[in-house]
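Below is protein_26.tsv, holding TSV, all heavy atoms.
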```tsv
chain	number	residue	atom	x	y	z
N	372	MET	N	-3.36	21.74	-41.55
N	372	MET	CA	-3.80	20.51	-42.19
N	372	MET	C	-4.15	20.75	-43.67
N	372	MET	O	-3.86	19.92	-44.51
N	372	MET	CB	-4.99	19.95	-41.41
N	372	MET	CG	-5.45	18.63	-41.90
N	372	MET	SD	-4.19	17.39	-41.57
N	372	MET	CE	-5.16	15.96	-41.48
N	373	LYS	N	-4.80	21.90	-43.90
N	373	LYS	CA	-5.20	22.22	-45.27
N	373	LYS	C	-3.97	22.38	-46.16
N	373	LYS	O	-3.95	21.90	-47.29
N	373	LYS	CB	-6.02	23.50	-45.26
N	373	LYS	CG	-6.56	23.90	-46.61
N	373	LYS	CD	-7.42	25.14	-46.51
N	373	LYS	CE	-7.97	25.54	-47.85
N	373	LYS	NZ	-8.80	26.73	-47.77
N	374	LYS	N	-2.94	23.05	-45.64
N	374	LYS	CA	-1.72	23.27	-46.41
N	374	LYS	C	-1.03	21.94	-46.71
N	374	LYS	O	-0.50	21.74	-47.81
N	374	LYS	CB	-0.79	24.19	-45.63
N	374	LYS	CG	0.34	24.72	-46.43
N	374	LYS	CD	1.09	25.78	-45.66
N	374	LYS	CE	2.15	26.41	-46.53
N	374	LYS	NZ	2.84	27.50	-45.84
N	375	LEU	N	-1.05	21.02	-45.75
N	375	LEU	CA	-0.44	19.71	-45.95
N	375	LEU	C	-1.17	18.93	-47.05
N	375	LEU	O	-0.53	18.32	-47.91
N	375	LEU	CB	-0.46	18.92	-44.64
N	375	LEU	CG	0.09	17.50	-44.69
N	375	LEU	CD1	1.57	17.53	-45.02
N	375	LEU	CD2	-0.14	16.80	-43.38
N	376	MET	N	-2.48	18.98	-47.05
N	376	MET	CA	-3.26	18.27	-48.06
N	376	MET	C	-3.02	18.86	-49.45
N	376	MET	O	-2.91	18.14	-50.43
N	376	MET	CB	-4.75	18.31	-47.73
N	376	MET	CG	-5.12	17.50	-46.51
N	376	MET	SD	-4.71	15.76	-46.68
N	376	MET	CE	-5.89	15.29	-47.93
N	377	MET	N	-2.94	20.18	-49.53
N	377	MET	CA	-2.70	20.82	-50.83
N	377	MET	C	-1.29	20.47	-51.33
N	377	MET	O	-1.10	20.22	-52.52
N	377	MET	CB	-2.86	22.34	-50.72
N	377	MET	CG	-4.31	22.77	-50.52
N	377	MET	SD	-5.38	22.21	-51.86
N	377	MET	CE	-4.81	23.24	-53.17
N	378	THR	N	-0.32	20.44	-50.43
N	378	THR	CA	1.04	20.08	-50.81
N	378	THR	C	1.07	18.65	-51.34
N	378	THR	O	1.69	18.36	-52.36
N	378	THR	CB	1.99	20.22	-49.61
N	378	THR	OG1	1.95	21.56	-49.14
N	378	THR	CG2	3.41	19.87	-49.99
N	379	PHE	N	0.39	17.75	-50.64
N	379	PHE	CA	0.32	16.36	-51.08
N	379	PHE	C	-0.33	16.25	-52.46
N	379	PHE	O	0.15	15.53	-53.32
N	379	PHE	CB	-0.47	15.53	-50.06
N	379	PHE	CG	-0.66	14.11	-50.48
N	379	PHE	CD1	0.36	13.19	-50.36
N	379	PHE	CD2	-1.86	13.69	-51.02
N	379	PHE	CE1	0.19	11.87	-50.76
N	379	PHE	CE2	-2.05	12.39	-51.42
N	379	PHE	CZ	-1.02	11.48	-51.29
N	380	ALA	N	-1.41	16.99	-52.67
N	380	ALA	CA	-2.11	16.93	-53.96
N	380	ALA	C	-1.22	17.44	-55.09
N	380	ALA	O	-1.17	16.84	-56.17
N	380	ALA	CB	-3.40	17.74	-53.90
N	381	VAL	N	-0.50	18.52	-54.84
N	381	VAL	CA	0.38	19.07	-55.88
N	381	VAL	C	1.52	18.10	-56.19
N	381	VAL	O	1.83	17.86	-57.36
N	381	VAL	CB	0.93	20.45	-55.44
N	381	VAL	CG1	2.05	20.92	-56.35
N	381	VAL	CG2	-0.20	21.47	-55.42
N	382	LEU	N	2.13	17.54	-55.16
N	382	LEU	CA	3.22	16.59	-55.39
N	382	LEU	C	2.74	15.35	-56.13
N	382	LEU	O	3.41	14.84	-57.02
N	382	LEU	CB	3.88	16.21	-54.07
N	382	LEU	CG	4.69	17.31	-53.40
N	382	LEU	CD1	5.19	16.84	-52.05
N	382	LEU	CD2	5.84	17.73	-54.28
N	383	PHE	N	1.57	14.85	-55.75
N	383	PHE	CA	0.99	13.68	-56.42
N	383	PHE	C	0.73	13.98	-57.90
N	383	PHE	O	1.07	13.19	-58.78
N	383	PHE	CB	-0.31	13.26	-55.73
N	383	PHE	CG	-1.03	12.16	-56.42
N	383	PHE	CD1	-0.60	10.85	-56.29
N	383	PHE	CD2	-2.12	12.42	-57.23
N	383	PHE	CE1	-1.26	9.81	-56.94
N	383	PHE	CE2	-2.78	11.40	-57.89
N	383	PHE	CZ	-2.35	10.10	-57.75
N	384	THR	N	0.16	15.14	-58.16
N	384	THR	CA	-0.16	15.53	-59.53
N	384	THR	C	1.11	15.68	-60.37
N	384	THR	O	1.18	15.18	-61.49
N	384	THR	CB	-0.95	16.85	-59.53
N	384	THR	OG1	-2.13	16.66	-58.75
N	384	THR	CG2	-1.34	17.25	-60.93
N	385	LEU	N	2.10	16.37	-59.83
N	385	LEU	CA	3.35	16.53	-60.57
N	385	LEU	C	4.05	15.20	-60.80
N	385	LEU	O	4.58	14.95	-61.88
N	385	LEU	CB	4.28	17.49	-59.81
N	385	LEU	CG	3.87	18.95	-59.83
N	385	LEU	CD1	4.81	19.76	-58.94
N	385	LEU	CD2	3.87	19.50	-61.24
N	386	GLY	N	4.03	14.34	-59.80
N	386	GLY	CA	4.65	13.02	-59.95
N	386	GLY	C	3.96	12.20	-61.02
N	386	GLY	O	4.61	11.55	-61.85
N	387	THR	N	2.64	12.23	-61.02
N	387	THR	CA	1.88	11.49	-62.02
N	387	THR	C	2.15	12.05	-63.42
N	387	THR	O	2.38	11.28	-64.36
N	387	THR	CB	0.37	11.57	-61.72
N	387	THR	OG1	0.14	11.04	-60.42
N	387	THR	CG2	-0.43	10.78	-62.73
N	388	ALA	N	2.13	13.36	-63.53
N	388	ALA	CA	2.36	13.99	-64.84
N	388	ALA	C	3.76	13.68	-65.37
N	388	ALA	O	3.91	13.32	-66.54
N	388	ALA	CB	2.15	15.49	-64.74
N	389	MET	N	4.75	13.81	-64.53
N	389	MET	CA	6.12	13.58	-64.98
N	389	MET	C	6.34	12.11	-65.34
N	389	MET	O	7.01	11.81	-66.32
N	389	MET	CB	7.12	14.02	-63.90
N	389	MET	CG	7.13	15.52	-63.68
N	389	MET	SD	7.40	16.48	-65.19
N	389	MET	CE	9.06	16.02	-65.56
N	390	THR	N	5.79	11.21	-64.55
N	390	THR	CA	5.94	9.79	-64.85
N	390	THR	C	5.28	9.45	-66.18
N	390	THR	O	5.85	8.74	-67.01
N	390	THR	CB	5.32	8.93	-63.73
N	390	THR	OG1	5.97	9.25	-62.51
N	390	THR	CG2	5.46	7.46	-64.03
N	391	THR	N	4.09	9.95	-66.39
N	391	THR	CA	3.37	9.66	-67.62
N	391	THR	C	4.08	10.26	-68.83
N	391	THR	O	4.25	9.59	-69.85
N	391	THR	CB	1.93	10.21	-67.55
N	391	THR	OG1	1.28	9.61	-66.43
N	391	THR	CG2	1.16	9.88	-68.81
N	392	LEU	N	4.50	11.49	-68.72
N	392	LEU	CA	5.11	12.16	-69.87
N	392	LEU	C	6.48	11.60	-70.20
N	392	LEU	O	6.84	11.50	-71.38
N	392	LEU	CB	5.19	13.66	-69.63
N	392	LEU	CG	3.82	14.36	-69.58
N	392	LEU	CD1	4.01	15.83	-69.23
N	392	LEU	CD2	3.07	14.21	-70.88
N	393	THR	N	7.26	11.21	-69.20
N	393	THR	CA	8.59	10.69	-69.50
N	393	THR	C	8.55	9.23	-69.94
N	393	THR	O	9.46	8.76	-70.60
N	393	THR	CB	9.54	10.83	-68.30
N	393	THR	OG1	8.97	10.17	-67.18
N	393	THR	CG2	9.79	12.29	-67.97
N	394	SER	N	7.50	8.51	-69.59
N	394	SER	CA	7.42	7.11	-69.99
N	394	SER	C	6.74	6.93	-71.34
N	394	SER	O	6.68	5.83	-71.86
N	394	SER	CB	6.69	6.29	-68.92
N	394	SER	OG	5.33	6.68	-68.86
N	395	CYS	N	6.24	7.99	-71.91
N	395	CYS	CA	5.50	7.90	-73.18
N	395	CYS	C	6.26	8.59	-74.30
N	395	CYS	O	5.72	9.45	-75.00
N	395	CYS	CB	4.13	8.52	-73.03
N	395	CYS	SG	3.04	7.61	-71.96
N	396	ARG	N	7.47	8.25	-74.48
N	396	ARG	CA	8.26	8.88	-75.54
N	396	ARG	C	8.10	8.10	-76.84
N	396	ARG	O	9.06	7.59	-77.41
N	396	ARG	CB	9.73	8.95	-75.13
N	396	ARG	CG	9.93	9.86	-73.97
N	396	ARG	CD	11.38	10.01	-73.65
N	396	ARG	NE	11.52	10.85	-72.47
N	396	ARG	CZ	12.66	11.17	-71.94
N	396	ARG	NH1	13.78	10.71	-72.47
N	396	ARG	NH2	12.73	11.93	-70.89
N	397	GLU	N	6.88	8.04	-77.29
N	397	GLU	CA	6.57	7.34	-78.52
N	397	GLU	C	6.26	8.36	-79.60
N	397	GLU	O	5.88	9.49	-79.32
N	397	GLU	CB	5.37	6.42	-78.32
N	397	GLU	CG	5.58	5.36	-77.27
N	397	GLU	CD	4.31	4.57	-77.01
N	397	GLU	OE1	3.27	4.88	-77.60
N	397	GLU	OE2	4.39	3.66	-76.20
N	398	THR	N	6.37	7.96	-80.83
N	398	THR	CA	6.06	8.87	-81.92
N	398	THR	C	4.59	8.81	-82.29
N	398	THR	O	4.13	9.65	-83.05
N	398	THR	CB	6.91	8.52	-83.17
N	398	THR	OG1	6.66	7.17	-83.54
N	398	THR	CG2	8.37	8.71	-82.89
N	399	ASN	N	3.87	7.86	-81.77
N	399	ASN	CA	2.46	7.71	-82.07
N	399	ASN	C	1.68	8.79	-81.32
N	399	ASN	O	1.61	8.80	-80.11
N	399	ASN	CB	1.98	6.32	-81.66
N	399	ASN	CG	0.59	6.04	-82.14
N	399	ASN	OD1	-0.08	6.91	-82.67
N	399	ASN	ND2	0.14	4.82	-81.94
N	400	LYS	N	1.08	9.72	-82.06
N	400	LYS	CA	0.39	10.85	-81.46
N	400	LYS	C	-0.81	10.42	-80.63
N	400	LYS	O	-1.08	11.00	-79.58
N	400	LYS	CB	-0.04	11.84	-82.54
N	400	LYS	CG	-0.59	13.12	-81.99
N	400	LYS	CD	-0.89	14.12	-83.09
N	400	LYS	CE	-1.42	15.41	-82.50
N	400	LYS	NZ	-1.69	16.39	-83.52
N	401	SER	N	-1.52	9.39	-81.04
N	401	SER	CA	-2.70	8.97	-80.29
N	401	SER	C	-2.31	8.45	-78.91
N	401	SER	O	-3.05	8.66	-77.95
N	401	SER	CB	-3.49	7.92	-81.06
N	401	SER	OG	-2.73	6.74	-81.22
N	402	SER	N	-1.16	7.82	-78.78
N	402	SER	CA	-0.70	7.36	-77.48
N	402	SER	C	-0.39	8.54	-76.57
N	402	SER	O	-0.69	8.50	-75.38
N	402	SER	CB	0.53	6.48	-77.61
N	402	SER	OG	0.22	5.29	-78.30
N	403	LEU	N	0.21	9.58	-77.13
N	403	LEU	CA	0.51	10.76	-76.34
N	403	LEU	C	-0.76	11.48	-75.91
N	403	LEU	O	-0.85	11.97	-74.79
N	403	LEU	CB	1.41	11.71	-77.12
N	403	LEU	CG	2.82	11.20	-77.38
N	403	LEU	CD1	3.57	12.18	-78.28
N	403	LEU	CD2	3.57	10.99	-76.09
N	404	GLU	N	-1.73	11.54	-76.80
N	404	GLU	CA	-3.00	12.17	-76.45
N	404	GLU	C	-3.70	11.38	-75.34
N	404	GLU	O	-4.28	11.97	-74.42
N	404	GLU	CB	-3.90	12.27	-77.67
N	404	GLU	CG	-3.43	13.29	-78.68
N	404	GLU	CD	-4.25	13.29	-79.95
N	404	GLU	OE1	-5.07	12.37	-80.15
N	404	GLU	OE2	-4.07	14.22	-80.75
N	405	LYS	N	-3.64	10.06	-75.42
N	405	LYS	CA	-4.24	9.22	-74.39
N	405	LYS	C	-3.55	9.43	-73.05
N	405	LYS	O	-4.19	9.53	-72.01
N	405	LYS	CB	-4.17	7.76	-74.79
N	405	LYS	CG	-4.97	6.83	-73.88
N	405	LYS	CD	-4.82	5.39	-74.28
N	405	LYS	CE	-5.45	5.11	-75.62
N	405	LYS	NZ	-5.41	3.68	-75.98
N	406	ALA	N	-2.23	9.54	-73.08
N	406	ALA	CA	-1.47	9.78	-71.85
N	406	ALA	C	-1.82	11.14	-71.25
N	406	ALA	O	-1.97	11.27	-70.04
N	406	ALA	CB	0.03	9.70	-72.13
N	407	ALA	N	-1.98	12.14	-72.10
N	407	ALA	CA	-2.35	13.47	-71.62
N	407	ALA	C	-3.74	13.43	-70.99
N	407	ALA	O	-3.99	14.08	-69.96
N	407	ALA	CB	-2.30	14.47	-72.75
N	408	ASP	N	-4.65	12.70	-71.60
N	408	ASP	CA	-5.99	12.55	-71.02
N	408	ASP	C	-5.93	11.85	-69.67
N	408	ASP	O	-6.64	12.22	-68.73
N	408	ASP	CB	-6.91	11.77	-71.96
N	408	ASP	CG	-7.32	12.57	-73.19
N	408	ASP	OD1	-7.23	13.82	-73.14
N	408	ASP	OD2	-7.72	11.94	-74.18
N	409	ASP	N	-5.08	10.83	-69.56
N	409	ASP	CA	-4.92	10.13	-68.29
N	409	ASP	C	-4.38	11.05	-67.20
N	409	ASP	O	-4.82	11.01	-66.06
N	409	ASP	CB	-4.00	8.92	-68.45
N	409	ASP	CG	-4.62	7.81	-69.27
N	409	ASP	OD1	-5.86	7.83	-69.45
N	409	ASP	OD2	-3.87	6.92	-69.73
N	410	VAL	N	-3.44	11.90	-67.57
N	410	VAL	CA	-2.89	12.87	-66.60
N	410	VAL	C	-3.99	13.84	-66.18
N	410	VAL	O	-4.13	14.14	-65.00
N	410	VAL	CB	-1.69	13.62	-67.20
N	410	VAL	CG1	-1.28	14.78	-66.30
N	410	VAL	CG2	-0.52	12.67	-67.38
N	411	GLY	N	-4.76	14.30	-67.13
N	411	GLY	CA	-5.86	15.21	-66.81
N	411	GLY	C	-6.86	14.57	-65.86
N	411	GLY	O	-7.33	15.20	-64.92
N	412	ASP	N	-7.18	13.31	-66.11
N	412	ASP	CA	-8.10	12.59	-65.23
N	412	ASP	C	-7.51	12.42	-63.83
N	412	ASP	O	-8.21	12.56	-62.83
N	412	ASP	CB	-8.44	11.21	-65.80
N	412	ASP	CG	-9.27	11.31	-67.08
N	412	ASP	OD1	-9.89	12.37	-67.32
N	412	ASP	OD2	-9.30	10.31	-67.83
N	413	ALA	N	-6.22	12.14	-63.77
N	413	ALA	CA	-5.56	11.98	-62.46
N	413	ALA	C	-5.56	13.29	-61.69
N	413	ALA	O	-5.76	13.31	-60.47
N	413	ALA	CB	-4.13	11.47	-62.65
N	414	VAL	N	-5.35	14.40	-62.39
N	414	VAL	CA	-5.37	15.71	-61.74
N	414	VAL	C	-6.77	16.01	-61.19
N	414	VAL	O	-6.91	16.47	-60.06
N	414	VAL	CB	-4.93	16.81	-62.73
N	414	VAL	CG1	-5.18	18.20	-62.15
N	414	VAL	CG2	-3.46	16.65	-63.08
N	415	GLU	N	-7.79	15.73	-61.97
N	415	GLU	CA	-9.15	15.95	-61.51
N	415	GLU	C	-9.48	15.08	-60.30
N	415	GLU	O	-10.12	15.54	-59.34
N	415	GLU	CB	-10.15	15.69	-62.64
N	415	GLU	CG	-10.11	16.73	-63.73
N	415	GLU	CD	-11.04	16.40	-64.89
N	415	GLU	OE1	-11.79	15.39	-64.80
N	415	GLU	OE2	-11.02	17.13	-65.88
N	416	ASP	N	-9.06	13.82	-60.34
N	416	ASP	CA	-9.31	12.92	-59.21
N	416	ASP	C	-8.59	13.41	-57.96
N	416	ASP	O	-9.15	13.38	-56.85
N	416	ASP	CB	-8.85	11.50	-59.54
N	416	ASP	CG	-9.73	10.83	-60.59
N	416	ASP	OD1	-10.86	11.33	-60.82
N	416	ASP	OD2	-9.29	9.82	-61.17
N	417	ALA	N	-7.36	13.88	-58.12
N	417	ALA	CA	-6.61	14.39	-56.96
N	417	ALA	C	-7.27	15.64	-56.40
N	417	ALA	O	-7.38	15.78	-55.17
N	417	ALA	CB	-5.17	14.69	-57.36
N	418	ALA	N	-7.75	16.51	-57.27
N	418	ALA	CA	-8.43	17.72	-56.80
N	418	ALA	C	-9.72	17.35	-56.06
N	418	ALA	O	-10.03	17.95	-55.02
N	418	ALA	CB	-8.74	18.63	-57.98
N	419	ASP	N	-10.45	16.37	-56.57
N	419	ASP	CA	-11.67	15.92	-55.88
N	419	ASP	C	-11.35	15.32	-54.53
N	419	ASP	O	-12.06	15.55	-53.55
N	419	ASP	CB	-12.42	14.90	-56.74
N	419	ASP	CG	-13.06	15.52	-57.97
N	419	ASP	OD1	-13.24	16.77	-57.99
N	419	ASP	OD2	-13.38	14.77	-58.92
N	420	ASP	N	-10.28	14.54	-54.45
N	420	ASP	CA	-9.88	13.94	-53.18
N	420	ASP	C	-9.51	15.00	-52.15
N	420	ASP	O	-9.87	14.90	-50.98
N	420	ASP	CB	-8.70	12.98	-53.38
N	420	ASP	CG	-9.09	11.71	-54.12
N	420	ASP	OD1	-10.31	11.44	-54.23
N	420	ASP	OD2	-8.18	11.02	-54.61
N	421	VAL	N	-8.80	16.03	-52.59
N	421	VAL	CA	-8.43	17.12	-51.69
N	421	VAL	C	-9.67	17.87	-51.22
N	421	VAL	O	-9.82	18.18	-50.05
N	421	VAL	CB	-7.43	18.09	-52.36
N	421	VAL	CG1	-7.24	19.34	-51.53
N	421	VAL	CG2	-6.11	17.39	-52.59
N	422	GLU	N	-10.58	18.12	-52.14
N	422	GLU	CA	-11.81	18.82	-51.79
N	422	GLU	C	-12.62	18.01	-50.79
N	422	GLU	O	-13.15	18.56	-49.80
N	422	GLU	CB	-12.64	19.09	-53.05
N	422	GLU	CG	-13.90	19.89	-52.78
N	422	GLU	CD	-14.69	20.16	-54.06
N	422	GLU	OE1	-14.17	19.93	-55.15
N	422	GLU	OE2	-15.84	20.62	-53.91
N	423	ASP	N	-12.72	16.70	-51.01
N	423	ASP	CA	-13.44	15.85	-50.07
N	423	ASP	C	-12.77	15.82	-48.70
N	423	ASP	O	-13.45	15.80	-47.67
N	423	ASP	CB	-13.55	14.42	-50.61
N	423	ASP	CG	-14.47	14.34	-51.84
N	423	ASP	OD1	-15.27	15.27	-52.04
N	423	ASP	OD2	-14.36	13.33	-52.57
N	424	ALA	N	-11.44	15.81	-48.69
N	424	ALA	CA	-10.71	15.77	-47.42
N	424	ALA	C	-10.89	17.07	-46.64
N	424	ALA	O	-10.88	17.04	-45.40
N	424	ALA	CB	-9.23	15.50	-47.67
N	425	LEU	N	-11.03	18.17	-47.34
N	425	LEU	CA	-11.17	19.46	-46.68
N	425	LEU	C	-12.58	19.70	-46.17
N	425	LEU	O	-12.78	20.51	-45.27
N	425	LEU	CB	-10.75	20.59	-47.61
N	425	LEU	CG	-9.29	20.60	-48.01
N	425	LEU	CD1	-9.02	21.70	-49.02
N	425	LEU	CD2	-8.39	20.75	-46.80
N	426	ASN	N	-13.54	19.00	-46.72
N	426	ASN	CA	-14.94	19.19	-46.29
N	426	ASN	C	-15.31	18.29	-45.20
N	426	ASN	O	-15.01	17.55	-44.56
N	426	ASN	CB	-15.90	18.98	-47.45
N	426	ASN	CG	-15.77	20.10	-48.47
N	426	ASN	OD1	-15.42	21.20	-48.12
N	426	ASN	ND2	-16.04	19.80	-49.72
```
What would you get if you wrote out this structure as structure tokens?
Amino acid sequence: MKKLMMTFAVLFTLGTAMTTLTSCRETNKSSLEKAADDVGDAVEDAADDVEDALN
């Protein structure tokens, strides 16, 4: 069960990161920084969800 949850978290994180990075092909640096922050927040949320599910 633990391995399944970790696999789900990794796939979710990679999917979110790839979607955000490929959809933000703008030249405006602040938009890219905001997108990177959003990805970071999503990764942290996914890690927290996995940790909560394992406990």
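Note that the spacing between CA of Ala406 in chain N and CA of Thr378 in chain N amounts to 23.6 Å.
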Find the residues near range 410-426 of chain N: any atom within 4.5 Å, counting all heavy atoms, skip ones fewer than 5 places away on the same chain, and give them as a ChimeraX atom specification.
-> /N:373,376-377,380,383-384,387-388,391
Output the selection as an mmCIF file, in the frame of the given file - all heavy atoms for each residue.
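Saved to part_28.cif:
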```
data_model
loop_
_atom_site.group_PDB
_atom_site.id
_atom_site.type_symbol
_atom_site.label_atom_id
_atom_site.label_comp_id
_atom_site.auth_asym_id
_atom_site.auth_seq_id
_atom_site.Cartn_x
_atom_site.Cartn_y
_atom_site.Cartn_z
ATOM 1 N N LYS N 373 -4.800 21.900 -43.900
ATOM 2 C CA LYS N 373 -5.200 22.220 -45.270
ATOM 3 C C LYS N 373 -3.970 22.380 -46.160
ATOM 4 O O LYS N 373 -3.950 21.900 -47.290
ATOM 5 C CB LYS N 373 -6.020 23.500 -45.260
ATOM 6 C CG LYS N 373 -6.560 23.900 -46.610
ATOM 7 C CD LYS N 373 -7.420 25.140 -46.510
ATOM 8 C CE LYS N 373 -7.970 25.540 -47.850
ATOM 9 N NZ LYS N 373 -8.800 26.730 -47.770
ATOM 10 N N MET N 376 -2.480 18.980 -47.050
ATOM 11 C CA MET N 376 -3.260 18.270 -48.060
ATOM 12 C C MET N 376 -3.020 18.860 -49.450
ATOM 13 O O MET N 376 -2.910 18.140 -50.430
ATOM 14 C CB MET N 376 -4.750 18.310 -47.730
ATOM 15 C CG MET N 376 -5.120 17.500 -46.510
ATOM 16 S SD MET N 376 -4.710 15.760 -46.680
ATOM 17 C CE MET N 376 -5.890 15.290 -47.930
ATOM 18 N N MET N 377 -2.940 20.180 -49.530
ATOM 19 C CA MET N 377 -2.700 20.820 -50.830
ATOM 20 C C MET N 377 -1.290 20.470 -51.330
ATOM 21 O O MET N 377 -1.100 20.220 -52.520
ATOM 22 C CB MET N 377 -2.860 22.340 -50.720
ATOM 23 C CG MET N 377 -4.310 22.770 -50.520
ATOM 24 S SD MET N 377 -5.380 22.210 -51.860
ATOM 25 C CE MET N 377 -4.810 23.240 -53.170
ATOM 26 N N ALA N 380 -1.410 16.990 -52.670
ATOM 27 C CA ALA N 380 -2.110 16.930 -53.960
ATOM 28 C C ALA N 380 -1.220 17.440 -55.090
ATOM 29 O O ALA N 380 -1.170 16.840 -56.170
ATOM 30 C CB ALA N 380 -3.400 17.740 -53.900
ATOM 31 N N PHE N 383 1.570 14.850 -55.750
ATOM 32 C CA PHE N 383 0.990 13.680 -56.420
ATOM 33 C C PHE N 383 0.730 13.980 -57.900
ATOM 34 O O PHE N 383 1.070 13.190 -58.780
ATOM 35 C CB PHE N 383 -0.310 13.260 -55.730
ATOM 36 C CG PHE N 383 -1.030 12.160 -56.420
ATOM 37 C CD1 PHE N 383 -0.600 10.850 -56.290
ATOM 38 C CD2 PHE N 383 -2.120 12.420 -57.230
ATOM 39 C CE1 PHE N 383 -1.260 9.810 -56.940
ATOM 40 C CE2 PHE N 383 -2.780 11.400 -57.890
ATOM 41 C CZ PHE N 383 -2.350 10.100 -57.750
ATOM 42 N N THR N 384 0.160 15.140 -58.160
ATOM 43 C CA THR N 384 -0.160 15.530 -59.530
ATOM 44 C C THR N 384 1.110 15.680 -60.370
ATOM 45 O O THR N 384 1.180 15.180 -61.490
ATOM 46 C CB THR N 384 -0.950 16.850 -59.530
ATOM 47 O OG1 THR N 384 -2.130 16.660 -58.750
ATOM 48 C CG2 THR N 384 -1.340 17.250 -60.930
ATOM 49 N N THR N 387 2.640 12.230 -61.020
ATOM 50 C CA THR N 387 1.880 11.490 -62.020
ATOM 51 C C THR N 387 2.150 12.050 -63.420
ATOM 52 O O THR N 387 2.380 11.280 -64.360
ATOM 53 C CB THR N 387 0.370 11.570 -61.720
ATOM 54 O OG1 THR N 387 0.140 11.040 -60.420
ATOM 55 C CG2 THR N 387 -0.430 10.780 -62.730
ATOM 56 N N ALA N 388 2.130 13.360 -63.530
ATOM 57 C CA ALA N 388 2.360 13.990 -64.840
ATOM 58 C C ALA N 388 3.760 13.680 -65.370
ATOM 59 O O ALA N 388 3.910 13.320 -66.540
ATOM 60 C CB ALA N 388 2.150 15.490 -64.740
ATOM 61 N N THR N 391 4.090 9.950 -66.390
ATOM 62 C CA THR N 391 3.370 9.660 -67.620
ATOM 63 C C THR N 391 4.080 10.260 -68.830
ATOM 64 O O THR N 391 4.250 9.590 -69.850
ATOM 65 C CB THR N 391 1.930 10.210 -67.550
ATOM 66 O OG1 THR N 391 1.280 9.610 -66.430
ATOM 67 C CG2 THR N 391 1.160 9.880 -68.810
#
```
Go ahead and compute the interatomic distance for CD1 of Leu375 in chain N and atom O of Lys405 in chain N, in Å to one decimal.
-> 28.7 Å
Work out how far apart atom N of Phe379 in chain N and CA of Ser402 in chain N are and give it in Å to one decimal.
-> 28.8 Å
